[in-house]
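Chemist: Can you keep this structure in mind? I'll have questions shortly.
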Amino acid sequence: MDIPLPIPAVLKNMNHKKMWKLFKAGTVSLYFVLLCGNVFTQPATPKIQLEPCRLSGWSEDVRCGRYEVYEDRKAKTGRKIALKLIVLPALNSNASPDPVFYFTGGPGGSSTETIARAGKTYLAGLRQTRDLVFVDQRGTGDSNPLVCNLYPDKNDMAAYFSDVLSLEKMQACRAELEKVADLKLYSTPIAMDDLDEVRAALGYDQINLYGGSYGSTAALTYLRQYPQHVRTVTISGVAPPDMKLPLPVIKGVQQAVEKIFADCAANEKCHADFPHLKADLEATLQRLDKAPAKFETVNPFTRRPTQITMSRAVFAEMLRTLLYQPQTSRWVPLLIHQAAAGEFSLFASVSYQSFRAIEDAIARGMHFSVVCGEHVPFITDADLAQAKDGSFYGDARVQVYRKVCEFWPRANVSKSYATPVKSDKPVLLISG
């Protein structure tokens, strides 16, 4: 988005609706924070040779490169990781020296694979005056990705409904990944040490951080470890280091479903079609408590009939994936209404597509290296009991994470990691 005027003048001449639209898009919000920074210093000479490259669907060249770091940063010997990075150069010739570093979600997502969405939409306006930098964190994207082949045949629809997470497959994944990685060395703090080395090698002194979901965890961790190199921070869908994943998912799913029910009740047509959604959900859960649902549906990718067996825990997990974005959450009233009558075919079709897309985007090996070291060990039985209270989602996901973390190698993270981050830097938090 081209904003040629200074921000105060732009906002002064902007109506409230447009201002709110830009705020939701993340553009104006980060501009506000960028205004609060310190005096700039000239960037140092870069140590990374970036080459022109063309991204799929783009009509311009950007800059791509690799930067090697030791997997074992303390020993500084042995295996190296070639971190993938892409820089979208600022469009203005008088660009500011402090870039925006983008942190993606997960844990396990690839920053460089989000460029089409982030670089062309909510960060596009910032590129007028600042470089945008995307680095695949160690264990993700194309930086020695720790991918678990949990679903070898992506068109085997029934496999996605077999269980919440297969312990046998995770054990096999560990065995395979340990051939190419020390799984204890893929933590967020170590990855932020990588990132600061990349920052220095690119010649930047201070940087602006922008992250969402797990990306906010990473950004806050970088802020705690390298405050002298942070100018501003903007984070959305805030997940602080003390969040104890996947514990908050339990109440988060409940709140999201209740919000959908409230929105439906407030909409005349939706309420007329689905007047008893809460009762429909309760009826569905009671049905699944008695026995798993067995039904036939059509695989949306192969167009072939498929037999599905689905437990209550898997139903809840699949419903969770539908709540991530409006494109799928708008189906929830219809799908729950049908499920209450014992009709799960459409639910399976929609949720399978959503779940598969999420799994394809996450390097589960890196995911568990992070959560098993930084989150799961801090979850107490009292935490779990409190989270479960009043939520239909249940504790199946937390329990299976605990079991995986019993055998998954974990980083040695200090107890202070799971504490709030304190800083005097300008930080904008957007959540809800």
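Identifiers in the structure tokens: chain A, B, ... in order shown; residue index from 1 per chain; ligand index from 1 in order shown.
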Tell me, as number ranges by chain, which residues lie within 8 Å of region 298-309 of chain A, counting only C-alpha atoms; anything in the same chain fewer than 4 positions away does not count.
Modeler: A: 155, 157-158, 161-162, 292-294, 345, 349, 353
Chemist: Tell me, counting only C-alpha atoms, for each residue of region 292-400 of chain A within 8 Å of region 254-266 of chain A, which pair of atoms is nearest and how far apart they are in Å to one decimal, in rows ordered by chain and increasing number, as CSV.
Modeler:
```
residue,atom,partner,partner_atom,distance
A:Leu323,CA,A:Ala256,CA,6.8
A:Ser329,CA,A:Ile260,CA,7.9
A:Val332,CA,A:Ile260,CA,7.8
A:Pro333,CA,A:Phe261,CA,7.4
A:Ser391,CA,A:Gln254,CA,5.4
A:Phe392,CA,A:Gln254,CA,6.7
A:Tyr393,CA,A:Gln254,CA,6.8
```
Chemist: Print the selection's residues with N, CA, C and O atoms to a file, as a PDB file, in the first residue's frame.
Modeler:
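Heads up, here's the output in selection_27.pdb:
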```pdb
ATOM      1  N   LEU A 323     -11.621 -23.516  12.993  1.00  0.00           N
ATOM      2  CA  LEU A 323     -11.815 -22.243  13.679  1.00  0.00           C
ATOM      3  C   LEU A 323     -10.721 -21.230  13.369  1.00  0.00           C
ATOM      4  O   LEU A 323     -10.794 -20.094  13.822  1.00  0.00           O
ATOM      5  N   SER A 329     -14.441 -21.391   9.252  1.00  0.00           N
ATOM      6  CA  SER A 329     -15.286 -21.263  10.449  1.00  0.00           C
ATOM      7  C   SER A 329     -16.736 -20.948  10.094  1.00  0.00           C
ATOM      8  O   SER A 329     -17.645 -21.278  10.859  1.00  0.00           O
ATOM      9  N   VAL A 332     -19.121 -23.886  10.330  1.00  0.00           N
ATOM     10  CA  VAL A 332     -19.344 -24.575  11.603  1.00  0.00           C
ATOM     11  C   VAL A 332     -20.821 -24.731  11.976  1.00  0.00           C
ATOM     12  O   VAL A 332     -21.240 -25.826  12.386  1.00  0.00           O
ATOM     13  N   PRO A 333     -21.673 -23.704  11.889  1.00  0.00           N
ATOM     14  CA  PRO A 333     -23.077 -23.915  12.257  1.00  0.00           C
ATOM     15  C   PRO A 333     -23.744 -25.047  11.473  1.00  0.00           C
ATOM     16  O   PRO A 333     -24.423 -25.907  12.062  1.00  0.00           O
ATOM     17  N   SER A 391     -14.900 -26.507  29.198  1.00  0.00           N
ATOM     18  CA  SER A 391     -14.578 -26.615  27.773  1.00  0.00           C
ATOM     19  C   SER A 391     -14.868 -28.026  27.276  1.00  0.00           C
ATOM     20  O   SER A 391     -14.444 -29.010  27.890  1.00  0.00           O
ATOM     21  N   PHE A 392     -15.572 -28.120  26.149  1.00  0.00           N
ATOM     22  CA  PHE A 392     -15.889 -29.427  25.573  1.00  0.00           C
ATOM     23  C   PHE A 392     -14.675 -30.074  24.919  1.00  0.00           C
ATOM     24  O   PHE A 392     -14.639 -31.285  24.705  1.00  0.00           O
ATOM     25  N   TYR A 393     -13.665 -29.287  24.599  1.00  0.00           N
ATOM     26  CA  TYR A 393     -12.540 -29.772  23.792  1.00  0.00           C
ATOM     27  C   TYR A 393     -11.778 -30.900  24.475  1.00  0.00           C
ATOM     28  O   TYR A 393     -11.298 -31.826  23.819  1.00  0.00           O
TER      29      TYR A 393
END
```
Chemist: Please compute the CA of Leu429 (chain A)-CA of Leu202 (chain A) distance, one decimal, in Å.
Modeler: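 CA of Leu202 (chain A) lies at a distance of 27.1 Å from CA of Leu429 (chain A).
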Chemist: When you look at Tyr186 (chain A) with a cut-off of 10 Å (counting only C-alpha atoms), what residues show up, excluding the ones that are within fewer than 5 positions of it in the same chain? I need them as an mmCIF file with all heavy atoms, in the first residue's frame.
Modeler:
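Wrote it out as result18.cif, contents follow:
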```cif
data_model
loop_
_atom_site.group_PDB
_atom_site.id
_atom_site.type_symbol
_atom_site.label_atom_id
_atom_site.label_comp_id
_atom_site.auth_asym_id
_atom_site.auth_seq_id
_atom_site.Cartn_x
_atom_site.Cartn_y
_atom_site.Cartn_z
ATOM 1 N N GLU A 71 25.059 -25.982 13.980
ATOM 2 C CA GLU A 71 23.912 -26.546 14.692
ATOM 3 C C GLU A 71 24.168 -26.456 16.194
ATOM 4 O O GLU A 71 23.286 -26.045 16.954
ATOM 5 C CB GLU A 71 23.690 -28.003 14.273
ATOM 6 C CG GLU A 71 22.456 -28.616 14.921
ATOM 7 C CD GLU A 71 22.279 -30.082 14.584
ATOM 8 O OE1 GLU A 71 23.209 -30.862 14.872
ATOM 9 O OE2 GLU A 71 21.218 -30.445 14.033
ATOM 10 N N ASP A 72 25.366 -26.820 16.616
ATOM 11 C CA ASP A 72 25.754 -26.684 18.018
ATOM 12 C C ASP A 72 26.523 -25.376 18.158
ATOM 13 O O ASP A 72 27.728 -25.308 17.926
ATOM 14 C CB ASP A 72 26.620 -27.868 18.453
ATOM 15 C CG ASP A 72 26.859 -27.895 19.953
ATOM 16 O OD1 ASP A 72 26.747 -26.825 20.598
ATOM 17 O OD2 ASP A 72 27.150 -28.981 20.485
ATOM 18 N N GLN A 137 13.560 -20.237 10.145
ATOM 19 C CA GLN A 137 14.171 -20.637 11.409
ATOM 20 C C GLN A 137 14.722 -22.061 11.302
ATOM 21 O O GLN A 137 14.176 -22.890 10.571
ATOM 22 C CB GLN A 137 13.098 -20.562 12.499
ATOM 23 C CG GLN A 137 13.577 -20.780 13.913
ATOM 24 C CD GLN A 137 12.482 -20.455 14.921
ATOM 25 O OE1 GLN A 137 11.701 -19.513 14.718
ATOM 26 N NE2 GLN A 137 12.397 -21.214 15.995
ATOM 27 N N ARG A 138 15.795 -22.363 12.002
ATOM 28 C CA ARG A 138 16.369 -23.709 11.956
ATOM 29 C C ARG A 138 15.300 -24.767 12.216
ATOM 30 O O ARG A 138 14.477 -24.640 13.131
ATOM 31 C CB ARG A 138 17.507 -23.849 12.956
ATOM 32 C CG ARG A 138 17.137 -23.593 14.413
ATOM 33 C CD ARG A 138 18.224 -24.085 15.368
ATOM 34 N NE ARG A 138 19.531 -23.462 15.155
ATOM 35 C CZ ARG A 138 20.676 -23.954 15.611
ATOM 36 N NH1 ARG A 138 20.665 -25.088 16.323
ATOM 37 N NH2 ARG A 138 21.820 -23.335 15.382
ATOM 38 N N GLY A 139 15.277 -25.785 11.359
ATOM 39 C CA GLY A 139 14.294 -26.855 11.491
ATOM 40 C C GLY A 139 13.022 -26.635 10.711
ATOM 41 O O GLY A 139 12.135 -27.488 10.717
ATOM 42 N N THR A 140 12.913 -25.486 9.996
ATOM 43 C CA THR A 140 11.695 -25.179 9.245
ATOM 44 C C THR A 140 12.039 -24.843 7.797
ATOM 45 O O THR A 140 13.197 -24.595 7.460
ATOM 46 C CB THR A 140 10.936 -23.988 9.853
ATOM 47 O OG1 THR A 140 11.657 -22.770 9.567
ATOM 48 C CG2 THR A 140 10.790 -24.144 11.363
ATOM 49 N N LEU A 146 12.814 -30.198 9.878
ATOM 50 C CA LEU A 146 12.561 -31.408 10.663
ATOM 51 C C LEU A 146 11.116 -31.831 10.442
ATOM 52 O O LEU A 146 10.226 -31.570 11.255
ATOM 53 C CB LEU A 146 12.839 -31.141 12.147
ATOM 54 C CG LEU A 146 14.231 -30.599 12.477
ATOM 55 C CD1 LEU A 146 14.384 -30.433 13.987
ATOM 56 C CD2 LEU A 146 15.324 -31.491 11.912
ATOM 57 N N ALA A 181 19.952 -34.506 12.529
ATOM 58 C CA ALA A 181 19.836 -33.371 13.440
ATOM 59 C C ALA A 181 19.970 -33.822 14.888
ATOM 60 O O ALA A 181 19.607 -34.945 15.241
ATOM 61 C CB ALA A 181 18.485 -32.665 13.248
ATOM 62 N N ALA A 191 17.519 -20.522 18.155
ATOM 63 C CA ALA A 191 17.156 -19.978 16.843
ATOM 64 C C ALA A 191 17.271 -18.462 16.816
ATOM 65 O O ALA A 191 17.615 -17.874 15.781
ATOM 66 C CB ALA A 191 15.739 -20.410 16.477
ATOM 67 N N GLY A 365 8.716 -32.092 13.579
ATOM 68 C CA GLY A 365 9.900 -32.373 14.373
ATOM 69 C C GLY A 365 10.375 -31.137 15.110
ATOM 70 O O GLY A 365 10.652 -31.170 16.322
ATOM 71 N N MET A 366 10.489 -30.027 14.392
ATOM 72 C CA MET A 366 10.870 -28.774 15.030
ATOM 73 C C MET A 366 9.807 -28.365 16.040
ATOM 74 O O MET A 366 10.116 -27.872 17.133
ATOM 75 C CB MET A 366 11.053 -27.693 13.961
ATOM 76 C CG MET A 366 11.419 -26.317 14.503
ATOM 77 S SD MET A 366 9.927 -25.349 14.937
ATOM 78 C CE MET A 366 10.648 -23.761 15.272
ATOM 79 N N HIS A 367 8.537 -28.577 15.696
ATOM 80 C CA HIS A 367 7.421 -28.239 16.578
ATOM 81 C C HIS A 367 7.601 -28.894 17.950
ATOM 82 O O HIS A 367 7.507 -28.230 18.984
ATOM 83 C CB HIS A 367 6.114 -28.701 15.933
ATOM 84 C CG HIS A 367 4.888 -28.464 16.745
ATOM 85 N ND1 HIS A 367 4.119 -27.321 16.632
ATOM 86 C CD2 HIS A 367 4.281 -29.219 17.705
ATOM 87 C CE1 HIS A 367 3.098 -27.385 17.476
ATOM 88 N NE2 HIS A 367 3.171 -28.532 18.130
ATOM 89 N N PHE A 368 7.900 -30.186 17.946
ATOM 90 C CA PHE A 368 8.027 -30.886 19.222
ATOM 91 C C PHE A 368 9.347 -30.594 19.924
ATOM 92 O O PHE A 368 9.415 -30.634 21.159
ATOM 93 C CB PHE A 368 7.803 -32.383 19.034
ATOM 94 C CG PHE A 368 6.341 -32.737 19.001
ATOM 95 C CD1 PHE A 368 5.697 -32.979 17.799
ATOM 96 C CD2 PHE A 368 5.598 -32.780 20.168
ATOM 97 C CE1 PHE A 368 4.339 -33.267 17.759
ATOM 98 C CE2 PHE A 368 4.242 -33.063 20.148
ATOM 99 C CZ PHE A 368 3.610 -33.314 18.939
ATOM 100 N N SER A 369 10.384 -30.271 19.187
ATOM 101 C CA SER A 369 11.617 -29.843 19.847
ATOM 102 C C SER A 369 11.370 -28.570 20.647
ATOM 103 O O SER A 369 11.923 -28.384 21.733
ATOM 104 C CB SER A 369 12.728 -29.625 18.815
ATOM 105 O OG SER A 369 13.199 -30.855 18.315
ATOM 106 N N VAL A 370 10.527 -27.697 20.119
ATOM 107 C CA VAL A 370 10.193 -26.456 20.820
ATOM 108 C C VAL A 370 9.247 -26.708 21.991
ATOM 109 O O VAL A 370 9.535 -26.343 23.133
ATOM 110 C CB VAL A 370 9.578 -25.428 19.842
ATOM 111 C CG1 VAL A 370 8.998 -24.238 20.610
ATOM 112 C CG2 VAL A 370 10.622 -24.944 18.858
ATOM 113 N N GLY A 373 10.556 -28.768 25.024
ATOM 114 C CA GLY A 373 11.552 -28.117 25.856
ATOM 115 C C GLY A 373 11.051 -26.877 26.554
ATOM 116 O O GLY A 373 11.451 -26.583 27.682
ATOM 117 N N PRO A 409 13.674 -35.721 22.394
ATOM 118 C CA PRO A 409 14.788 -34.950 22.966
ATOM 119 C C PRO A 409 14.383 -33.496 23.171
ATOM 120 O O PRO A 409 13.720 -32.906 22.314
ATOM 121 C CB PRO A 409 15.887 -35.076 21.904
ATOM 122 C CG PRO A 409 15.535 -36.318 21.147
ATOM 123 C CD PRO A 409 14.036 -36.378 21.126
ATOM 124 N N ARG A 410 14.792 -32.945 24.292
ATOM 125 C CA ARG A 410 14.378 -31.577 24.587
ATOM 126 C C ARG A 410 15.574 -30.689 24.911
ATOM 127 O O ARG A 410 16.579 -31.151 25.464
ATOM 128 C CB ARG A 410 13.387 -31.547 25.735
ATOM 129 C CG ARG A 410 13.953 -32.034 27.072
ATOM 130 C CD ARG A 410 12.922 -31.964 28.171
ATOM 131 N NE ARG A 410 11.809 -32.864 27.929
ATOM 132 C CZ ARG A 410 10.802 -33.018 28.782
ATOM 133 N NH1 ARG A 410 10.767 -32.334 29.905
ATOM 134 N NH2 ARG A 410 9.829 -33.864 28.523
ATOM 135 N N ALA A 411 15.453 -29.437 24.597
ATOM 136 C CA ALA A 411 16.496 -28.468 24.909
ATOM 137 C C ALA A 411 16.518 -28.183 26.409
ATOM 138 O O ALA A 411 15.502 -28.316 27.094
ATOM 139 C CB ALA A 411 16.242 -27.172 24.139
#
```
Chemist: If we count only C-alpha atoms, what is near region 276-286 of chain A at a cut-off of 8 Å, once residues fewer than 2 positions away on the same chain are taken out, given as number ranges by chain?
Modeler: A: 261, 274, 288-290, 312, 333, 336-337, 339-342
Chemist: With only C-alpha atoms as the basis for distance, which of A:Ala348, A:Ala175, A:Ala396, A:Ile379 is at the shortest distance from Tyr160 (chain A)?
Modeler: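 Closest to Tyr160 (chain A) of all the choices is A:Ala348.
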Chemist: Fewer than 5 positions away in the same chain doesn't count, so skip those; otherwise give me all residues within 7 Å of Thr234 (chain A), counting only C-alpha atoms, as number ranges by chain.
Modeler: A: 30, 209-211, 427-429
